[in-house]
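Everything below belongs to data-v8.cif, which stores mmCIF, C-alpha atoms and all ligand atoms.
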data_model
loop_
_atom_site.label_atom_id
_atom_site.label_comp_id
_atom_site.auth_asym_id
_atom_site.auth_seq_id
_atom_site.Cartn_x
_atom_site.Cartn_y
_atom_site.Cartn_z
CA MET A 786 31.23 166.26 175.86
CA ALA A 787 33.41 163.24 176.30
CA GLU A 788 33.08 161.23 179.48
CA VAL A 789 36.54 161.59 181.04
CA VAL A 790 37.58 158.94 183.54
CA ILE A 791 40.72 159.70 185.55
CA VAL A 792 42.19 156.64 187.25
CA GLU A 793 45.32 155.94 189.25
CA SER A 794 47.07 153.61 186.83
CA ALA A 795 47.19 152.21 183.32
CA GLU A 796 46.10 148.87 184.79
CA THR A 797 42.90 150.36 186.21
CA ALA A 798 42.29 152.13 182.91
CA GLY A 799 42.62 148.78 181.16
CA GLU A 800 39.94 147.33 183.43
CA VAL A 801 37.56 150.24 182.71
CA ALA A 802 38.09 149.88 178.96
CA ALA A 803 37.70 146.09 179.22
CA ASP A 804 34.37 146.67 181.04
CA GLU A 805 33.12 148.61 178.00
CA ILE A 806 34.23 145.89 175.59
CA GLU A 807 32.79 143.13 177.77
CA LYS A 808 29.39 144.87 177.93
CA LEU A 809 29.37 145.20 174.16
CA VAL A 810 30.37 141.60 173.44
CA ARG A 811 27.94 140.15 175.97
CA ALA A 812 25.17 142.05 174.16
CA ASN A 813 26.46 141.09 170.72
CA PRO A 814 29.01 138.28 170.36
CA ARG A 815 29.60 139.34 166.74
CA ALA A 816 30.43 142.93 167.66
CA VAL A 817 32.91 144.88 165.55
CA LEU A 818 35.92 146.18 167.46
CA GLY A 819 38.27 148.87 166.25
CA LEU A 820 41.75 147.76 167.29
CA ALA A 821 44.70 150.00 168.07
CA THR A 822 48.39 149.23 168.36
CA GLY A 823 51.02 151.07 170.41
CA SER A 824 51.82 150.58 174.07
CA THR A 825 48.69 152.32 175.36
CA PRO A 826 46.05 149.61 174.71
CA LEU A 827 48.18 146.80 176.18
CA THR A 828 46.58 146.93 179.64
CA THR A 829 43.16 146.78 178.01
CA TRP A 830 44.05 143.64 176.05
CA ARG A 831 45.55 142.11 179.19
CA ALA A 832 42.48 142.88 181.30
CA LEU A 833 40.18 141.53 178.63
CA ALA A 834 42.21 138.34 178.13
CA ALA A 835 42.03 137.65 181.88
CA ARG A 836 38.23 137.59 181.73
CA GLY A 837 38.14 134.46 179.60
CA LEU A 838 35.30 135.66 177.39
CA ASP A 839 34.53 133.86 174.16
CA LEU A 840 35.61 136.44 171.57
CA SER A 841 35.83 134.03 168.67
CA GLN A 842 33.00 135.66 166.73
CA VAL A 843 34.15 139.26 167.25
CA ARG A 844 35.18 141.05 164.08
CA GLY A 845 38.16 143.41 164.22
CA PHE A 846 39.54 146.28 162.15
CA ALA A 847 42.94 147.75 162.92
CA LEU A 848 43.33 151.50 162.72
CA ASP A 849 46.48 151.66 160.68
CA GLU A 850 49.56 150.00 159.20
CA TYR A 851 53.02 150.99 158.05
CA VAL A 852 53.67 151.10 154.33
CA GLY A 853 56.98 149.74 153.08
CA LEU A 854 57.87 147.09 155.65
CA PRO A 855 58.67 143.61 154.35
CA ALA A 856 55.78 141.14 154.76
CA GLY A 857 55.90 139.47 158.14
CA HIS A 858 58.11 142.17 159.72
CA PRO A 859 57.65 141.84 163.50
CA GLU A 860 56.81 145.55 163.85
CA SER A 861 54.25 145.61 161.07
CA TYR A 862 50.91 146.32 162.69
CA ARG A 863 49.63 143.04 161.21
CA SER A 864 52.29 141.22 163.26
CA VAL A 865 51.64 143.38 166.34
CA ILE A 866 47.88 142.86 166.18
CA THR A 867 48.35 139.09 165.78
CA ARG A 868 50.82 138.90 168.68
CA GLU A 869 49.22 141.34 171.11
CA VAL A 870 45.52 141.11 170.34
CA VAL A 871 44.39 138.17 168.20
CA GLU A 872 46.33 135.44 170.01
CA PRO A 873 45.89 136.51 173.66
CA LEU A 874 42.20 137.34 173.21
CA GLY A 875 41.36 134.27 171.15
CA LEU A 876 40.03 136.25 168.21
CA THR A 877 39.55 134.39 164.93
CA PRO A 878 42.40 135.49 162.61
CA SER A 879 40.25 135.54 159.47
CA LEU A 880 37.82 137.96 161.15
CA VAL A 881 40.50 140.56 161.88
CA ARG A 882 41.61 142.94 159.17
CA VAL A 883 44.48 145.38 158.91
CA PRO A 884 44.62 148.07 156.19
CA ALA A 885 46.45 146.95 153.00
CA ASP A 886 46.38 143.33 154.16
CA ASP A 887 45.90 142.13 150.63
CA GLY A 888 45.64 143.65 147.18
CA PRO A 889 47.39 146.71 145.76
CA ILE A 890 48.13 149.70 147.99
CA GLU A 891 46.48 152.05 145.48
CA THR A 892 43.02 150.63 146.20
CA ALA A 893 43.63 149.49 149.77
CA GLY A 894 41.92 152.51 151.33
CA ALA A 895 38.69 152.10 149.39
CA ASP A 896 38.76 148.32 149.94
CA TYR A 897 39.12 148.84 153.68
CA GLU A 898 36.25 151.31 153.84
CA ALA A 899 34.06 148.84 151.92
CA ALA A 900 34.99 146.03 154.33
CA ILE A 901 34.11 148.13 157.38
CA THR A 902 30.80 149.11 155.81
CA ALA A 903 30.04 145.48 154.89
CA ALA A 904 30.66 144.47 158.52
CA GLY A 905 28.04 147.01 159.62
CA GLY A 906 30.51 149.59 160.93
CA VAL A 907 32.70 149.63 164.01
CA ASP A 908 30.83 149.35 167.32
CA LEU A 909 33.66 150.36 169.64
CA GLN A 910 36.94 151.92 168.58
CA ILE A 911 39.93 151.80 170.92
CA LEU A 912 42.23 154.79 170.40
CA GLY A 913 45.58 155.97 171.70
CA ILE A 914 46.91 159.43 171.00
CA GLY A 915 50.31 160.43 169.69
CA ARG A 916 52.31 163.33 171.03
CA THR A 917 51.52 165.23 167.84
CA GLY A 918 47.84 164.77 168.69
CA HIS A 919 47.39 162.09 166.05
CA ILE A 920 44.80 159.36 166.34
CA GLY A 921 45.41 156.36 164.14
CA PHE A 922 48.17 157.84 162.01
CA ASN A 923 46.22 161.00 161.18
CA GLU A 924 48.90 163.59 161.61
CA PRO A 925 48.22 167.34 162.09
CA GLY A 926 46.39 168.78 159.12
CA SER A 927 44.35 165.64 158.44
CA SER A 928 40.85 166.43 157.22
CA PHE A 929 38.02 165.65 159.60
CA ALA A 930 36.30 164.08 156.58
CA SER A 931 39.25 161.86 155.62
CA LEU A 932 38.81 158.15 154.96
CA THR A 933 41.37 155.33 154.91
CA ARG A 934 44.35 156.43 152.84
CA VAL A 935 48.13 156.53 152.59
CA LYS A 936 49.83 159.29 154.62
CA THR A 937 53.36 160.52 155.34
CA LEU A 938 54.46 160.25 158.96
CA THR A 939 55.88 163.26 160.78
CA GLU A 940 59.46 163.09 161.97
CA GLN A 941 58.16 163.36 165.57
CA THR A 942 56.07 160.22 165.13
CA ARG A 943 58.97 158.38 163.47
CA LEU A 944 61.20 159.36 166.40
CA ASP A 945 58.54 158.25 168.92
CA ASN A 946 58.14 154.90 167.18
CA ALA A 947 61.89 154.34 166.60
CA ARG A 948 62.01 152.49 169.94
CA PHE A 949 60.36 149.54 168.25
CA PHE A 950 62.98 149.37 165.48
CA ASP A 951 66.77 148.85 165.34
CA SER A 952 67.31 152.42 164.11
CA LEU A 953 65.39 155.52 163.03
CA ASP A 954 66.28 154.70 159.42
CA ASP A 955 64.26 151.50 159.72
CA VAL A 956 61.05 153.36 160.64
CA PRO A 957 58.87 153.69 157.54
CA LYS A 958 58.05 157.16 156.26
CA HIS A 959 54.57 156.20 155.10
CA CYS A 960 51.52 154.54 156.53
CA ILE A 961 47.95 153.72 155.66
CA THR A 962 45.42 154.81 158.25
CA GLN A 963 41.71 154.98 158.82
CA GLY A 964 40.79 158.63 158.33
CA LEU A 965 39.26 160.89 160.94
CA GLY A 966 35.99 160.51 159.05
CA THR A 967 36.30 156.73 159.33
CA ILE A 968 37.03 156.89 163.05
CA MET A 969 34.12 159.27 163.63
CA ARG A 970 31.69 156.72 162.17
CA ALA A 971 32.43 154.24 164.94
CA ARG A 972 29.53 154.13 167.38
CA HIS A 973 31.65 154.48 170.54
CA LEU A 974 35.16 155.88 170.85
CA VAL A 975 37.32 154.83 173.82
CA LEU A 976 40.49 156.93 173.96
CA LEU A 977 43.26 156.01 176.38
CA ALA A 978 46.34 158.02 177.36
CA PHE A 979 49.00 157.48 180.00
CA GLY A 980 52.00 159.43 181.24
CA SER A 981 53.04 163.05 181.30
CA GLY A 982 54.24 162.92 177.69
CA LYS A 983 50.60 162.73 176.59
CA ALA A 984 49.22 165.46 178.90
CA SER A 985 49.42 168.32 176.42
CA ALA A 986 48.00 166.45 173.42
CA LEU A 987 45.27 164.92 175.57
CA ALA A 988 44.14 168.27 177.03
CA ARG A 989 44.12 169.83 173.58
CA ALA A 990 42.12 166.90 172.19
CA VAL A 991 39.51 166.98 174.97
CA GLU A 992 39.27 170.68 175.76
CA GLY A 993 41.16 172.64 173.13
CA PRO A 994 39.74 174.20 170.01
CA VAL A 995 38.45 171.69 167.48
CA THR A 996 41.06 171.90 164.77
CA ALA A 997 42.66 169.70 162.13
CA SER A 998 45.97 170.90 163.57
CA LEU A 999 45.25 168.63 166.55
CA PRO A 1000 43.53 165.64 164.93
CA GLY A 1001 42.48 164.12 168.26
CA SER A 1002 40.22 167.13 168.85
CA ALA A 1003 37.82 165.55 166.35
CA ILE A 1004 36.52 163.46 169.24
CA GLN A 1005 34.71 166.57 170.53
CA LEU A 1006 32.37 166.21 167.57
CA HIS A 1007 31.46 162.62 168.39
CA GLN A 1008 28.36 161.85 170.41
CA ARG A 1009 29.77 158.95 172.45
CA VAL A 1010 33.34 159.17 173.69
CA THR A 1011 34.95 157.69 176.78
CA VAL A 1012 38.40 159.07 177.61
CA ILE A 1013 40.31 157.00 180.17
CA VAL A 1014 43.55 158.48 181.50
CA ASP A 1015 45.96 158.23 184.40
CA GLU A 1016 46.75 161.21 186.64
CA GLU A 1017 49.89 162.12 184.66
CA ALA A 1018 48.08 162.28 181.34
CA ALA A 1019 45.24 164.23 183.02
CA ALA A 1020 47.61 166.86 184.41
CA ASP A 1021 46.74 169.60 181.89
CA LEU A 1022 42.94 169.12 181.93
CA GLU A 1023 41.23 172.33 183.05
CA PHE A 1024 38.04 170.59 184.15
CA ALA A 1025 39.63 167.55 185.82
CA ASP A 1026 37.78 168.14 189.10
CA TYR A 1027 34.46 168.14 187.29
CA TYR A 1028 35.31 164.90 185.45
CA ARG A 1029 36.20 163.24 188.77
CA TYR A 1030 32.98 164.53 190.32
CA ALA A 1031 30.85 163.34 187.40
CA TRP A 1032 32.44 159.87 187.46
CA ALA A 1033 32.06 159.54 191.25
CA ASN A 1034 28.40 160.58 191.02
CA ARG A 1035 27.33 158.71 187.91
CA LEU A 1036 23.85 157.30 188.05
CA ASP A 1037 23.25 153.60 188.61
CA TRP A 1038 22.07 152.98 185.06
CA GLU A 1039 25.27 154.57 183.76
CA LYS A 1040 27.33 151.96 185.60
CA LEU A 1041 25.68 149.00 183.87
C1 LIG A 1101 51.23 155.14 167.02
C2 LIG A 1101 49.92 154.55 166.48
C3 LIG A 1101 48.73 155.16 167.16
C4 LIG A 1101 49.01 155.20 168.64
C5 LIG A 1101 50.09 156.19 168.94
C6 LIG A 1101 50.52 156.21 170.39
O1 LIG A 1101 51.94 155.91 166.12
N1 LIG A 1101 49.74 154.62 165.08
O2 LIG A 1101 47.57 154.40 166.86
O3 LIG A 1101 47.85 155.60 169.33
O4 LIG A 1101 51.18 156.04 168.09
O5 LIG A 1101 51.39 155.17 170.69
P1 LIG A 1101 51.65 154.66 172.14
O6 LIG A 1101 50.39 154.06 172.61
O7 LIG A 1101 52.74 153.62 172.02
O8 LIG A 1101 52.05 155.83 172.93
#

Is it possible to give me this structure as structure tokens?
Ligand code: GLP
Amino acid sequence: MAEVVIVESAETAGEVAADEIEKLVRANPRAVLGLATGSTPLTTWRALAARGLDLSQVRGFALDEYVGLPAGHPESYRSVITREVVEPLGLTPSLVRVPADDGPIETAGADYEAAITAAGGVDLQILGIGRTGHIGFNEPGSSFASLTRVKTLTEQTRLDNARFFDSLDDVPKHCITQGLGTIMRARHLVLLAFGSGKASALARAVEGPVTASLPGSAIQLHQRVTVIVDEEAAADLEFADYYRYAWANRLDWEKL
């Protein structure tokens, strides 16, 4: 079962997630981080940046990228990762990869998988969740065995992401994303969700049936998952009281 941590705000959640990353990097300065875009991880990056850790040796792999945006577009995930993660955290740009960064799109998925494997795999993967239940850009129906590949975005996801673009027409219809199989190979998954708009998808991911129709439910098959949510996103969790109780009563060695 996932460890579910219910906190009062996105800021507190960011601190809890930053604690996990800090522990990892203190143990291994060359750790491999799985990076996510979207608004959800922002408090984590902010909390981490405030700690002034030396993250210059950390290697990073982004979850996903749009396909079809002009190079250098400010909403490409390469631009977002540079602006919101690499620069504020002091990561080394050449150590951070985004799918389809270079080379032809046809082989980008296999190239990305090879790069992750060569780095020794992802130690800690930060995840958000979409309202369709997607993680990365793995929309409903994605195979639990899937690896990095090109996918078509749902209209719901395009609508949700239109706020970052001038118009809906500007939102790409395609993306390249780590697969659910790729994500499941990471050694620790840290999934964050905030706000009532995520409550349904979050509850289905954590407690619902494990099904490709709700890609986030794949996390139930992973042996080490930390889910960090605010009260609004936790609203539909059936076992919320138990999660609060377990967190309040965790053993000393679990706090380290
Ligand atoms: C985007 C990203 C996901 C992200 C999700 C939620 O489409 N590809 O990685 O988790 O949507 O976004 P947000 O955090 O802005 O709610």

For the atom pair CA of Leu965 (chain A) and CA of Ser931 (chain A), what is the interatomic distance in Å to one decimal place?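 For CA of Leu965 (chain A) relative to CA of Ser931 (chain A), the distance reads 5.4 Å.
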
Give one line per residue of chain A that approaches ligand LIG 1101 (chain A) to at most 8 Å, naming the two atoms of the closest pair and their distance in Å to one decimal, counting all atoms listed in the file; sort by chain then ascending residue number and deliver it as JSON lines.
{"residue": "A:Ala821", "atom": "CA", "partner": "A:LIG1101", "partner_atom": "O2", "distance": 5.4}
{"residue": "A:Thr822", "atom": "CA", "partner": "A:LIG1101", "partner_atom": "O2", "distance": 5.4}
{"residue": "A:Gly823", "atom": "CA", "partner": "A:LIG1101", "partner_atom": "O7", "distance": 3.5}
{"residue": "A:Ser824", "atom": "CA", "partner": "A:LIG1101", "partner_atom": "O7", "distance": 3.8}
{"residue": "A:Thr825", "atom": "CA", "partner": "A:LIG1101", "partner_atom": "O6", "distance": 3.7}
{"residue": "A:Pro826", "atom": "CA", "partner": "A:LIG1101", "partner_atom": "O6", "distance": 6.6}
{"residue": "A:Leu848", "atom": "CA", "partner": "A:LIG1101", "partner_atom": "O2", "distance": 6.6}
{"residue": "A:Asp849", "atom": "CA", "partner": "A:LIG1101", "partner_atom": "N1", "distance": 6.2}
{"residue": "A:Glu850", "atom": "CA", "partner": "A:LIG1101", "partner_atom": "N1", "distance": 7.5}
{"residue": "A:Leu912", "atom": "CA", "partner": "A:LIG1101", "partner_atom": "O3", "distance": 5.8}
{"residue": "A:Gly913", "atom": "CA", "partner": "A:LIG1101", "partner_atom": "O3", "distance": 3.3}
{"residue": "A:Ile914", "atom": "CA", "partner": "A:LIG1101", "partner_atom": "O3", "distance": 4.3}
{"residue": "A:Gly915", "atom": "CA", "partner": "A:LIG1101", "partner_atom": "C6", "distance": 4.3}
{"residue": "A:Arg916", "atom": "CA", "partner": "A:LIG1101", "partner_atom": "C6", "distance": 7.4}
{"residue": "A:His919", "atom": "CA", "partner": "A:LIG1101", "partner_atom": "C5", "distance": 7.1}
{"residue": "A:Ile920", "atom": "CA", "partner": "A:LIG1101", "partner_atom": "O3", "distance": 5.7}
{"residue": "A:Gly921", "atom": "CA", "partner": "A:LIG1101", "partner_atom": "O2", "distance": 4.0}
{"residue": "A:Phe922", "atom": "CA", "partner": "A:LIG1101", "partner_atom": "N1", "distance": 4.7}
{"residue": "A:Thr942", "atom": "CA", "partner": "A:LIG1101", "partner_atom": "O1", "distance": 6.1}
{"residue": "A:Arg943", "atom": "CA", "partner": "A:LIG1101", "partner_atom": "O1", "distance": 7.9}
{"residue": "A:Asp945", "atom": "CA", "partner": "A:LIG1101", "partner_atom": "O1", "distance": 7.5}
{"residue": "A:Asn946", "atom": "CA", "partner": "A:LIG1101", "partner_atom": "O1", "distance": 6.4}
{"residue": "A:Ala978", "atom": "CA", "partner": "A:LIG1101", "partner_atom": "O6", "distance": 7.4}
{"residue": "A:Phe979", "atom": "CA", "partner": "A:LIG1101", "partner_atom": "O8", "distance": 7.9}
{"residue": "A:Lys983", "atom": "CA", "partner": "A:LIG1101", "partner_atom": "O8", "distance": 7.9}

Between CA of Ala1020 (chain A) and CA of Ala795 (chain A), distance in Å (one decimal):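 Spanning CA of Ala1020 (chain A) to CA of Ala795 (chain A) is a straight-line distance of 14.7 Å.
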
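Straight-line separation from CA of Leu833 (chain A) to CA of Ala803 (chain A): 5.2 Å.
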
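Nearest to Val956 (chain A) of all the residues A:Thr902, A:Ser841, A:Thr829, A:Ser861 is A:Ser861, counting all atoms listed in the file.
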
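Candidate residues A:Arg836, A:Ala847, A:Met969, A:Glu793 were compared for distance to Asp1015 (chain A), and the nearest is A:Glu793, using all atoms listed in the file.
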
Contacts of Tyr1027 (chain A) at 10 Å or less, counting all atoms listed in the file, minus same-chain residues fewer than 5 places along, as a list in words?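 The neighbour list is Val789, Trp1032 and Ala1033 of chain A.
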
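Every protein, DNA or RNA residue with an atom at most 10 Å from Arg1009 (chain A), where all atoms listed in the file count and chain neighbours fewer than 2 positions away do not, is listed here: A:Met786, A:Ala787, A:Glu788, A:Leu909, A:Met969, A:Ala971, A:Arg972, A:His973, A:Leu974, A:Val975, A:Ile1004, A:Gln1005, A:Leu1006, A:His1007, A:Thr1011.
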
Identify which of the residues A:Glu924, A:Asp1037, A:Asp1026, A:Glu872 lies closest to Gly964 (chain A), counting all atoms listed in the file when measuring atom-to-atom distances.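 Smallest separation from Gly964 (chain A) among the options: A:Glu924.
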
Contacts of Lys1040 (chain A) within 12 Å, only C-alpha atoms, excl. fewer than 4 positions in-chain, as an mmCIF file with C-alpha atoms, in the coordinates of the input:
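Saved file selection_0.cif follows:
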data_model
loop_
_atom_site.group_PDB
_atom_site.id
_atom_site.type_symbol
_atom_site.label_atom_id
_atom_site.label_comp_id
_atom_site.auth_asym_id
_atom_site.auth_seq_id
_atom_site.Cartn_x
_atom_site.Cartn_y
_atom_site.Cartn_z
ATOM 1 C CA VAL A 801 37.560 150.240 182.710
ATOM 2 C CA ASP A 804 34.370 146.670 181.040
ATOM 3 C CA GLU A 805 33.120 148.610 178.000
ATOM 4 C CA LYS A 808 29.390 144.870 177.930
ATOM 5 C CA TRP A 1032 32.440 159.870 187.460
ATOM 6 C CA ALA A 1033 32.060 159.540 191.250
ATOM 7 C CA ASN A 1034 28.400 160.580 191.020
ATOM 8 C CA ARG A 1035 27.330 158.710 187.910
ATOM 9 C CA LEU A 1036 23.850 157.300 188.050
#

Counting only C-alpha atoms, figure out which residue out of A:Arg863, A:Phe1024, A:Cys960, A:Glu1039 gets nearest to Val991 (chain A).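 Result for the nearest residue to Val991 (chain A): A:Phe1024.
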
Residues near Ile901 (chain A), anyone? I mean within 12 Å using all atoms listed in the file, not counting same-chain ones fewer than 6 positions away, as a PyMOL selection string. chain A and resi 817-819+844-848+880-884+894-895+907-908+932-933+963+967-968+970-971

Go ahead and fit an axis-aligned box to every listed atom of region 874-893 of chain A plus 4 Å each side, and pass me the centre and edge lengths in Å, one decimal, as JSON.
{"center_x": 43.0, "center_y": 143.2, "center_z": 159.3, "size_x": 18.3, "size_y": 25.8, "size_z": 35.7}

Distance query 9 Å from (30.5, 140.0, 170.9) using all atoms listed in the file, result as number ranges by chain: A: 806-818, 839-844

Using the incomplete input, complete region 902-915 of chain A to the level of N, CA, C and O atoms; output as a PDB file, keeping the file's coordinate frame.
ATOM      1  N   THR A 902      32.225 148.905 156.080  1.00  0.00           N
ATOM      2  CA  THR A 902      30.800 149.110 155.810  1.00  0.00           C
ATOM      3  C   THR A 902      30.062 147.768 155.733  1.00  0.00           C
ATOM      4  O   THR A 902      28.983 147.601 156.315  1.00  0.00           O
ATOM      5  N   ALA A 903      30.678 146.797 155.045  1.00  0.00           N
ATOM      6  CA  ALA A 903      30.040 145.480 154.890  1.00  0.00           C
ATOM      7  C   ALA A 903      29.857 144.782 156.240  1.00  0.00           C
ATOM      8  O   ALA A 903      28.923 144.007 156.431  1.00  0.00           O
ATOM      9  N   ALA A 904      30.758 145.083 157.185  1.00  0.00           N
ATOM     10  CA  ALA A 904      30.660 144.470 158.520  1.00  0.00           C
ATOM     11  C   ALA A 904      29.609 145.177 159.384  1.00  0.00           C
ATOM     12  O   ALA A 904      29.349 144.765 160.509  1.00  0.00           O
ATOM     13  N   GLY A 905      29.051 146.267 158.860  1.00  0.00           N
ATOM     14  CA  GLY A 905      28.040 147.010 159.620  1.00  0.00           C
ATOM     15  C   GLY A 905      28.612 148.161 160.419  1.00  0.00           C
ATOM     16  O   GLY A 905      27.916 148.751 161.251  1.00  0.00           O
ATOM     17  N   GLY A 906      29.882 148.478 160.202  1.00  0.00           N
ATOM     18  CA  GLY A 906      30.510 149.590 160.930  1.00  0.00           C
ATOM     19  C   GLY A 906      31.129 149.118 162.238  1.00  0.00           C
ATOM     20  O   GLY A 906      30.822 148.033 162.730  1.00  0.00           O
ATOM     21  N   VAL A 907      31.996 149.962 162.767  1.00  0.00           N
ATOM     22  CA  VAL A 907      32.700 149.630 164.010  1.00  0.00           C
ATOM     23  C   VAL A 907      31.820 150.007 165.205  1.00  0.00           C
ATOM     24  O   VAL A 907      31.303 151.124 165.285  1.00  0.00           O
ATOM     25  N   ASP A 908      31.642 149.066 166.123  1.00  0.00           N
ATOM     26  CA  ASP A 908      30.830 149.350 167.320  1.00  0.00           C
ATOM     27  C   ASP A 908      31.623 150.124 168.356  1.00  0.00           C
ATOM     28  O   ASP A 908      31.112 151.065 168.963  1.00  0.00           O
ATOM     29  N   LEU A 909      32.847 149.695 168.602  1.00  0.00           N
ATOM     30  CA  LEU A 909      33.660 150.360 169.640  1.00  0.00           C
ATOM     31  C   LEU A 909      35.088 150.456 169.131  1.00  0.00           C
ATOM     32  O   LEU A 909      35.687 149.439 168.763  1.00  0.00           O
ATOM     33  N   GLN A 910      35.596 151.676 169.086  1.00  0.00           N
ATOM     34  CA  GLN A 910      36.940 151.920 168.580  1.00  0.00           C
ATOM     35  C   GLN A 910      37.876 152.284 169.732  1.00  0.00           C
ATOM     36  O   GLN A 910      37.658 153.277 170.425  1.00  0.00           O
ATOM     37  N   ILE A 911      38.890 151.466 169.950  1.00  0.00           N
ATOM     38  CA  ILE A 911      39.930 151.800 170.920  1.00  0.00           C
ATOM     39  C   ILE A 911      40.924 152.754 170.248  1.00  0.00           C
ATOM     40  O   ILE A 911      41.347 152.512 169.111  1.00  0.00           O
ATOM     41  N   LEU A 912      41.285 153.819 170.948  1.00  0.00           N
ATOM     42  CA  LEU A 912      42.230 154.790 170.400  1.00  0.00           C
ATOM     43  C   LEU A 912      43.316 155.124 171.417  1.00  0.00           C
ATOM     44  O   LEU A 912      43.032 155.261 172.610  1.00  0.00           O
ATOM     45  N   GLY A 913      44.542 155.283 170.937  1.00  0.00           N
ATOM     46  CA  GLY A 913      45.580 155.970 171.700  1.00  0.00           C
ATOM     47  C   GLY A 913      45.704 157.358 171.121  1.00  0.00           C
ATOM     48  O   GLY A 913      44.947 157.736 170.214  1.00  0.00           O
ATOM     49  N   ILE A 914      46.649 158.114 171.604  1.00  0.00           N
ATOM     50  CA  ILE A 914      46.910 159.430 171.000  1.00  0.00           C
ATOM     51  C   ILE A 914      48.411 159.644 170.947  1.00  0.00           C
ATOM     52  O   ILE A 914      49.115 159.312 171.905  1.00  0.00           O
ATOM     53  N   GLY A 915      48.885 160.155 169.819  1.00  0.00           N
ATOM     54  CA  GLY A 915      50.310 160.430 169.690  1.00  0.00           C
ATOM     55  C   GLY A 915      50.648 161.798 170.264  1.00  0.00           C
ATOM     56  O   GLY A 915      49.757 162.614 170.527  1.00  0.00           O
TER      57      GLY A 915
END
